[in-house]
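For reference, the structure is listed below as C-alpha coordinates.
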Amino acid sequence: MGSPGSERGAPGNGRLYREKSVFQLHGVNAAEQPILRRKLTRKEMVKFFQKAAPTSIALEACGGSHHWARLLRSFGHEVKLIAPQLAKPYVKRGKNDAADAEALCEAMSRPTMRFVPVKTAQQQAALMLVGLRERLIRNRTQLANSIRGFAMEFGIVAATGMCRIEPLLERIAQDPSLPVLARKVFAMHGDEYRGLLQEIKKVEEELLDLHRADECSLRLAQIPGVGPVGATLLMLKTPDARLFKSGRAFAAWLGLTPKDHSTAGKTRLGVITRAGDEMLRSVLVVGATSLLQQVRAGRSRHASQWLTGLLQRKKPKLVAVALANKIARIAWKLMVSGQTYRRMEEQPQAA
(Lines give C-alpha, C1' and ligand atoms only; values in the text may rest on other atoms or scores of the structure.)
Protein backbone atom coordinates (compact mmCIF):
# COMPACT_ATOMS: atom_id res chain seq x y z
CA MET A 1 0.00 0.00 0.00
CA GLY A 2 2.80 2.51 0.62
CA SER A 3 6.42 3.03 1.67
CA PRO A 4 8.80 5.91 2.30
CA GLY A 5 11.31 7.22 -0.18
CA SER A 6 11.22 10.03 -2.69
CA GLU A 7 10.19 10.53 -6.29
CA ARG A 8 11.45 13.04 -8.82
CA GLY A 9 10.81 16.47 -7.36
CA ALA A 10 8.53 15.11 -4.62
CA PRO A 11 9.04 14.30 -0.92
CA GLY A 12 8.67 10.57 -1.34
CA ASN A 13 7.53 7.65 -3.43
CA GLY A 14 6.70 4.13 -2.39
CA ARG A 15 4.32 1.25 -2.07
CA LEU A 16 3.17 -1.12 0.62
CA TYR A 17 1.61 -4.43 -0.44
CA ARG A 18 -0.90 -6.10 1.84
CA GLU A 19 -1.36 -9.85 2.06
CA LYS A 20 -3.33 -11.07 5.07
CA SER A 21 -1.65 -9.31 8.04
CA VAL A 22 1.76 -8.74 6.43
CA PHE A 23 2.75 -5.52 4.66
CA GLN A 24 5.62 -5.33 2.18
CA LEU A 25 7.38 -1.97 1.84
CA HIS A 26 9.52 -0.85 -1.06
CA GLY A 27 11.04 2.66 -1.05
CA VAL A 28 13.26 4.55 -3.47
CA ASN A 29 15.21 7.81 -3.33
CA ALA A 30 15.22 10.75 -5.73
CA ALA A 31 17.47 8.80 -8.11
CA GLU A 32 14.96 5.93 -8.18
CA GLN A 33 17.41 3.71 -6.28
CA PRO A 34 15.91 1.26 -3.71
CA ILE A 35 16.63 2.32 -0.14
CA LEU A 36 14.07 0.28 1.78
CA ARG A 37 12.71 -3.26 1.61
CA ARG A 38 10.85 -4.42 4.70
CA LYS A 39 8.02 -6.63 5.86
CA LEU A 40 5.87 -5.30 8.67
CA THR A 41 2.91 -6.54 10.62
CA ARG A 42 -0.23 -4.43 10.82
CA LYS A 43 0.73 -2.77 14.12
CA GLU A 44 4.33 -2.26 13.04
CA MET A 45 3.19 -0.62 9.83
CA VAL A 46 0.95 1.90 11.66
CA LYS A 47 3.78 2.81 14.08
CA PHE A 48 6.25 3.09 11.20
CA PHE A 49 4.22 5.66 9.28
CA GLN A 50 3.22 7.56 12.42
CA LYS A 51 6.91 8.29 13.02
CA ALA A 52 7.93 8.68 9.35
CA ALA A 53 8.34 12.14 7.80
CA PRO A 54 5.62 13.17 5.32
CA THR A 55 6.11 11.26 2.09
CA SER A 56 4.25 10.09 -1.02
CA ILE A 57 2.68 6.67 -0.66
CA ALA A 58 1.12 4.50 -3.37
CA LEU A 59 -1.51 1.91 -2.52
CA GLU A 60 -3.01 -0.74 -4.72
CA ALA A 61 -6.73 -0.03 -5.10
CA CYS A 62 -8.10 -3.17 -3.48
CA GLY A 63 -10.12 -4.24 -0.45
CA GLY A 64 -9.27 -2.05 2.53
CA SER A 65 -7.13 0.37 0.52
CA HIS A 66 -9.46 3.34 1.03
CA HIS A 67 -9.35 2.83 4.80
CA TRP A 68 -5.56 2.72 4.80
CA ALA A 69 -5.41 5.76 2.53
CA ARG A 70 -7.51 7.78 4.96
CA LEU A 71 -5.43 6.56 7.92
CA LEU A 72 -2.09 7.37 6.27
CA ARG A 73 -3.36 10.77 5.20
CA SER A 74 -4.21 11.49 8.82
CA PHE A 75 -0.49 10.98 9.56
CA GLY A 76 0.35 13.75 7.07
CA HIS A 77 1.36 11.59 4.08
CA GLU A 78 0.30 12.03 0.46
CA VAL A 79 -1.54 8.87 -0.60
CA LYS A 80 -2.39 7.75 -4.13
CA LEU A 81 -4.36 4.66 -5.18
CA ILE A 82 -3.42 2.79 -8.35
CA ALA A 83 -5.62 0.21 -10.08
CA PRO A 84 -3.96 -3.27 -10.06
CA GLN A 85 -4.14 -3.62 -13.86
CA LEU A 86 -2.13 -0.40 -14.27
CA ALA A 87 0.65 -1.59 -11.96
CA LYS A 88 0.88 -5.14 -13.33
CA PRO A 89 2.94 -4.24 -16.46
CA TYR A 90 5.73 -2.99 -14.19
CA VAL A 91 6.27 -6.41 -12.55
CA LYS A 92 9.65 -7.53 -13.90
CA ARG A 93 9.41 -11.27 -13.37
CA GLY A 94 7.67 -13.73 -11.08
CA LYS A 95 4.93 -13.03 -8.57
CA ASN A 96 5.70 -12.23 -4.94
CA ASP A 97 5.11 -9.44 -2.45
CA ALA A 98 8.45 -7.73 -3.02
CA ALA A 99 8.08 -7.74 -6.83
CA ASP A 100 4.55 -6.36 -6.61
CA ALA A 101 5.66 -3.61 -4.21
CA GLU A 102 8.50 -2.61 -6.51
CA ALA A 103 6.17 -2.59 -9.52
CA LEU A 104 3.68 -0.25 -7.86
CA CYS A 105 6.49 2.01 -6.73
CA GLU A 106 7.68 2.21 -10.34
CA ALA A 107 4.15 2.81 -11.64
CA MET A 108 3.64 5.69 -9.23
CA SER A 109 6.60 7.60 -10.70
CA ARG A 110 5.15 7.63 -14.23
CA PRO A 111 3.94 11.16 -15.15
CA THR A 112 0.89 9.86 -17.07
CA MET A 113 -0.26 7.39 -14.39
CA ARG A 114 -3.96 7.56 -13.48
CA PHE A 115 -4.96 7.34 -9.83
CA VAL A 116 -8.15 6.26 -8.06
CA PRO A 117 -9.78 8.95 -5.87
CA VAL A 118 -9.91 8.01 -2.19
CA LYS A 119 -13.46 7.41 -0.94
CA THR A 120 -14.78 8.81 2.32
CA ALA A 121 -16.22 6.55 4.99
CA GLN A 122 -19.71 7.86 4.16
CA GLN A 123 -19.29 6.97 0.49
CA GLN A 124 -18.18 3.46 1.42
CA ALA A 125 -21.21 3.06 3.70
CA ALA A 126 -23.52 4.04 0.84
CA LEU A 127 -21.73 1.59 -1.46
CA MET A 128 -22.34 -1.14 1.12
CA LEU A 129 -26.05 -0.44 0.66
CA VAL A 130 -25.67 -0.78 -3.11
CA GLY A 131 -23.82 -4.07 -2.69
CA LEU A 132 -26.52 -5.35 -0.34
CA ARG A 133 -29.22 -4.55 -2.91
CA GLU A 134 -27.28 -6.38 -5.62
CA ARG A 135 -26.88 -9.47 -3.44
CA LEU A 136 -30.57 -9.51 -2.45
CA ILE A 137 -31.67 -9.21 -6.07
CA ARG A 138 -29.32 -12.03 -7.03
CA ASN A 139 -30.76 -14.19 -4.23
CA ARG A 140 -34.29 -13.34 -5.34
CA THR A 141 -33.55 -14.40 -8.90
CA GLN A 142 -31.91 -17.62 -7.72
CA LEU A 143 -34.86 -18.46 -5.46
CA ALA A 144 -37.42 -17.68 -8.18
CA ASN A 145 -35.57 -20.02 -10.56
CA SER A 146 -35.57 -22.74 -7.90
CA ILE A 147 -39.32 -22.37 -7.37
CA ARG A 148 -39.94 -22.60 -11.11
CA GLY A 149 -37.67 -25.62 -11.44
CA PHE A 150 -39.30 -27.54 -8.58
CA ALA A 151 -42.77 -26.66 -9.88
CA MET A 152 -41.87 -27.95 -13.33
CA GLU A 153 -40.92 -31.28 -11.76
CA PHE A 154 -44.62 -31.64 -10.88
CA GLY A 155 -45.82 -30.44 -14.29
CA ILE A 156 -46.71 -26.92 -13.14
CA VAL A 157 -45.41 -24.23 -15.50
CA ALA A 158 -45.82 -20.44 -15.18
CA ALA A 159 -45.12 -17.56 -17.54
CA THR A 160 -41.80 -15.74 -17.20
CA GLY A 161 -41.39 -12.70 -15.00
CA MET A 162 -41.03 -12.05 -11.28
CA CYS A 163 -44.68 -10.98 -11.11
CA ARG A 164 -45.65 -14.60 -11.91
CA ILE A 165 -44.02 -16.13 -8.82
CA GLU A 166 -46.77 -15.23 -6.30
CA PRO A 167 -49.61 -16.58 -8.54
CA LEU A 168 -47.52 -19.72 -9.08
CA LEU A 169 -47.15 -20.23 -5.32
CA GLU A 170 -50.91 -19.75 -4.86
CA ARG A 171 -51.65 -22.37 -7.55
CA ILE A 172 -49.30 -24.80 -5.85
CA ALA A 173 -50.84 -24.21 -2.40
CA GLN A 174 -54.32 -24.96 -3.78
CA ASP A 175 -53.32 -28.01 -5.81
CA PRO A 176 -54.52 -31.13 -3.94
CA SER A 177 -52.66 -33.46 -6.30
CA LEU A 178 -49.29 -32.42 -4.85
CA PRO A 179 -47.85 -34.32 -1.86
CA VAL A 180 -48.28 -32.60 1.47
CA LEU A 181 -44.50 -32.43 1.94
CA ALA A 182 -44.05 -30.74 -1.43
CA ARG A 183 -46.61 -28.07 -0.54
CA LYS A 184 -44.86 -27.47 2.78
CA VAL A 185 -41.51 -26.99 1.03
CA PHE A 186 -43.09 -24.63 -1.52
CA ALA A 187 -44.62 -22.66 1.37
CA MET A 188 -41.15 -22.33 2.94
CA HIS A 189 -39.83 -21.08 -0.39
CA GLY A 190 -42.70 -18.61 -0.55
CA ASP A 191 -41.93 -17.22 2.91
CA GLU A 192 -38.28 -16.79 1.97
CA TYR A 193 -39.23 -15.12 -1.31
CA ARG A 194 -41.57 -12.63 0.36
CA GLY A 195 -38.91 -11.91 2.99
CA LEU A 196 -36.42 -11.06 0.23
CA LEU A 197 -38.95 -8.71 -1.36
CA GLN A 198 -39.35 -6.88 1.93
CA GLU A 199 -35.59 -6.57 2.38
CA ILE A 200 -35.16 -5.25 -1.16
CA LYS A 201 -37.92 -2.71 -0.54
CA LYS A 202 -36.18 -1.45 2.62
CA VAL A 203 -32.84 -1.11 0.86
CA GLU A 204 -34.38 0.73 -2.10
CA GLU A 205 -36.11 3.13 0.29
CA GLU A 206 -32.70 3.93 1.80
CA LEU A 207 -31.30 4.49 -1.71
CA LEU A 208 -34.22 6.79 -2.53
CA ASP A 209 -33.45 8.83 0.59
CA LEU A 210 -29.86 9.24 -0.63
CA HIS A 211 -31.18 10.16 -4.07
CA ARG A 212 -33.57 12.83 -2.78
CA ALA A 213 -30.84 14.37 -0.61
CA ASP A 214 -28.48 14.92 -3.57
CA GLU A 215 -29.21 17.75 -6.01
CA CYS A 216 -27.04 16.29 -8.79
CA SER A 217 -28.70 12.88 -8.44
CA LEU A 218 -32.11 14.52 -8.87
CA ARG A 219 -30.91 16.12 -12.12
CA LEU A 220 -29.44 12.86 -13.41
CA ALA A 221 -32.72 11.03 -12.76
CA GLN A 222 -34.38 13.26 -15.38
CA ILE A 223 -32.34 11.55 -18.12
CA PRO A 224 -34.57 8.97 -19.88
CA GLY A 225 -33.40 5.46 -18.98
CA VAL A 226 -31.65 6.46 -15.74
CA GLY A 227 -34.19 6.82 -12.92
CA PRO A 228 -33.53 7.19 -9.18
CA VAL A 229 -31.49 4.00 -8.72
CA GLY A 230 -29.32 4.67 -11.77
CA ALA A 231 -28.78 8.29 -10.72
CA THR A 232 -27.78 7.22 -7.21
CA LEU A 233 -25.31 4.67 -8.56
CA LEU A 234 -23.82 7.28 -10.89
CA MET A 235 -23.22 9.59 -7.95
CA LEU A 236 -21.83 6.89 -5.65
CA LYS A 237 -19.61 5.00 -8.06
CA THR A 238 -18.32 7.81 -10.27
CA PRO A 239 -15.23 9.70 -9.08
CA ASP A 240 -15.03 13.42 -9.68
CA ALA A 241 -16.49 13.85 -13.18
CA ARG A 242 -13.97 16.60 -13.88
CA LEU A 243 -11.23 13.96 -13.90
CA PHE A 244 -12.52 12.86 -17.32
CA LYS A 245 -11.57 15.02 -20.31
CA SER A 246 -14.79 14.32 -22.21
CA GLY A 247 -18.03 12.38 -22.23
CA ARG A 248 -16.38 9.75 -24.41
CA ALA A 249 -13.62 9.29 -21.81
CA PHE A 250 -16.31 8.73 -19.19
CA ALA A 251 -18.11 6.20 -21.41
CA ALA A 252 -14.78 4.46 -22.03
CA TRP A 253 -14.19 4.30 -18.25
CA LEU A 254 -17.55 2.52 -17.98
CA GLY A 255 -16.52 0.03 -20.70
CA LEU A 256 -19.16 1.20 -23.20
CA THR A 257 -16.72 1.95 -26.04
CA PRO A 258 -15.41 -0.64 -28.54
CA LYS A 259 -12.03 -2.31 -28.24
CA ASP A 260 -9.46 -0.80 -30.57
CA HIS A 261 -7.16 -3.13 -32.54
CA SER A 262 -6.16 -0.59 -35.19
CA THR A 263 -2.72 -0.61 -36.84
CA ALA A 264 -1.01 0.58 -40.03
CA GLY A 265 -3.79 3.05 -40.72
CA LYS A 266 -6.49 0.37 -40.63
CA THR A 267 -9.26 0.80 -38.07
CA ARG A 268 -10.41 -2.41 -36.40
CA LEU A 269 -13.05 -1.97 -33.70
CA GLY A 270 -14.35 -4.91 -31.68
CA VAL A 271 -16.96 -5.41 -28.97
CA ILE A 272 -17.23 -3.07 -25.99
CA THR A 273 -14.35 -3.31 -23.54
CA ARG A 274 -16.54 -3.96 -20.46
CA ALA A 275 -13.99 -2.11 -18.38
CA GLY A 276 -14.88 -0.18 -15.24
CA ASP A 277 -17.68 -0.93 -12.83
CA GLU A 278 -19.86 -3.83 -13.98
CA MET A 279 -22.87 -2.89 -11.86
CA LEU A 280 -23.01 0.70 -13.07
CA ARG A 281 -22.58 -0.34 -16.69
CA SER A 282 -25.31 -2.97 -16.45
CA VAL A 283 -27.74 -0.50 -14.84
CA LEU A 284 -27.22 1.94 -17.74
CA VAL A 285 -27.66 -0.82 -20.35
CA VAL A 286 -30.80 -2.15 -18.64
CA GLY A 287 -32.22 1.37 -18.46
CA ALA A 288 -31.43 1.92 -22.14
CA THR A 289 -33.07 -1.41 -23.02
CA SER A 290 -36.23 -0.44 -21.14
CA LEU A 291 -36.35 2.93 -22.91
CA LEU A 292 -35.77 1.21 -26.23
CA GLN A 293 -38.72 -1.11 -25.66
CA GLN A 294 -40.96 1.91 -25.13
CA VAL A 295 -39.65 3.56 -28.28
CA ARG A 296 -40.19 0.44 -30.43
CA ALA A 297 -43.73 0.14 -29.09
CA GLY A 298 -44.43 3.78 -29.97
CA ARG A 299 -45.12 4.74 -26.34
CA SER A 300 -42.14 7.06 -25.76
CA ARG A 301 -41.69 10.75 -26.52
CA HIS A 302 -37.91 10.29 -26.54
CA ALA A 303 -37.74 8.68 -29.98
CA SER A 304 -35.17 10.98 -31.60
CA GLN A 305 -34.17 10.77 -35.26
CA TRP A 306 -30.78 9.38 -34.23
CA LEU A 307 -32.40 6.56 -32.24
CA THR A 308 -35.03 5.60 -34.81
CA GLY A 309 -32.45 5.66 -37.60
CA LEU A 310 -30.13 3.44 -35.59
CA LEU A 311 -32.95 0.97 -34.95
CA GLN A 312 -33.46 0.62 -38.69
CA ARG A 313 -29.81 -0.28 -39.27
CA LYS A 314 -28.74 -2.22 -36.18
CA LYS A 315 -29.97 -4.99 -33.90
CA PRO A 316 -31.85 -3.88 -30.75
CA LYS A 317 -29.10 -5.09 -28.38
CA LEU A 318 -26.47 -3.08 -30.21
CA VAL A 319 -28.74 -0.05 -30.18
CA ALA A 320 -29.26 -0.47 -26.40
CA VAL A 321 -25.49 -0.35 -25.80
CA ALA A 322 -25.13 2.67 -28.10
CA LEU A 323 -27.96 4.38 -26.22
CA ALA A 324 -26.31 3.55 -22.88
CA ASN A 325 -23.12 5.13 -24.23
CA LYS A 326 -25.04 8.30 -25.10
CA ILE A 327 -26.76 8.34 -21.69
CA ALA A 328 -23.33 8.11 -20.03
CA ARG A 329 -22.09 11.07 -22.07
CA ILE A 330 -25.15 13.14 -21.17
CA ALA A 331 -24.73 12.20 -17.49
CA TRP A 332 -21.10 13.34 -17.58
CA LYS A 333 -22.13 16.66 -19.13
CA LEU A 334 -24.75 17.26 -16.44
CA MET A 335 -22.33 16.36 -13.63
CA VAL A 336 -19.63 18.69 -14.95
CA SER A 337 -21.77 21.66 -16.01
CA GLY A 338 -24.52 21.57 -13.37
CA GLN A 339 -27.15 21.88 -16.10
CA THR A 340 -30.54 20.16 -16.16
CA TYR A 341 -31.56 17.63 -18.78
CA ARG A 342 -33.29 18.69 -21.99
CA ARG A 343 -35.05 16.58 -24.58
CA MET A 344 -32.69 14.55 -26.80
CA GLU A 345 -33.42 16.61 -29.91
CA GLU A 346 -32.57 19.74 -27.89
CA GLN A 347 -29.55 18.26 -26.06
CA PRO A 348 -26.22 19.76 -27.16
CA GLN A 349 -23.61 17.19 -28.17
CA ALA A 350 -21.43 16.12 -25.24
CA ALA A 351 -17.72 16.33 -25.88
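Chains: A, B, ... in order of the C-alpha coordinates. Residues: from 1 per chain. Ligands: from 1, in order shown.
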
Which residues come within 8 Å of segment 220-224 of chain A, counting only C-alpha atoms, excluding same-chain residues fewer than 2 positions away, as a ChimeraX atom specification? /A:216-218,226-228,230-231,291,302,327,330-331,334-335,340-341

So that I can check the surroundings of Glu44 of chain A, please list as JSON, numbers by chain every protein, DNA and RNA residue that reaches within 10 Å of it, counting only C-alpha atoms and ignoring chain neighbours fewer than 5 positions away. {"A": [22, 23, 39, 49, 50]}

Considering only C-alpha atoms, return as number ranges by chain whatever protein or nucleic-acid residues lie within 9 Å of Leu208 of chain A, sequence-local ones (same chain, fewer than 5 positions apart) excluded. A: 203, 213, 228-229, 232

Nearest candidate to Arg138 of chain A (options A:Lys314, A:Tyr193, A:Arg274, A:Val336; using only C-alpha atoms): A:Tyr193

Please, what distance in Å, to one decimal, runs between atom CA of Arg73 of chain A and atom CA of Glu102 of chain A? 21.4 Å
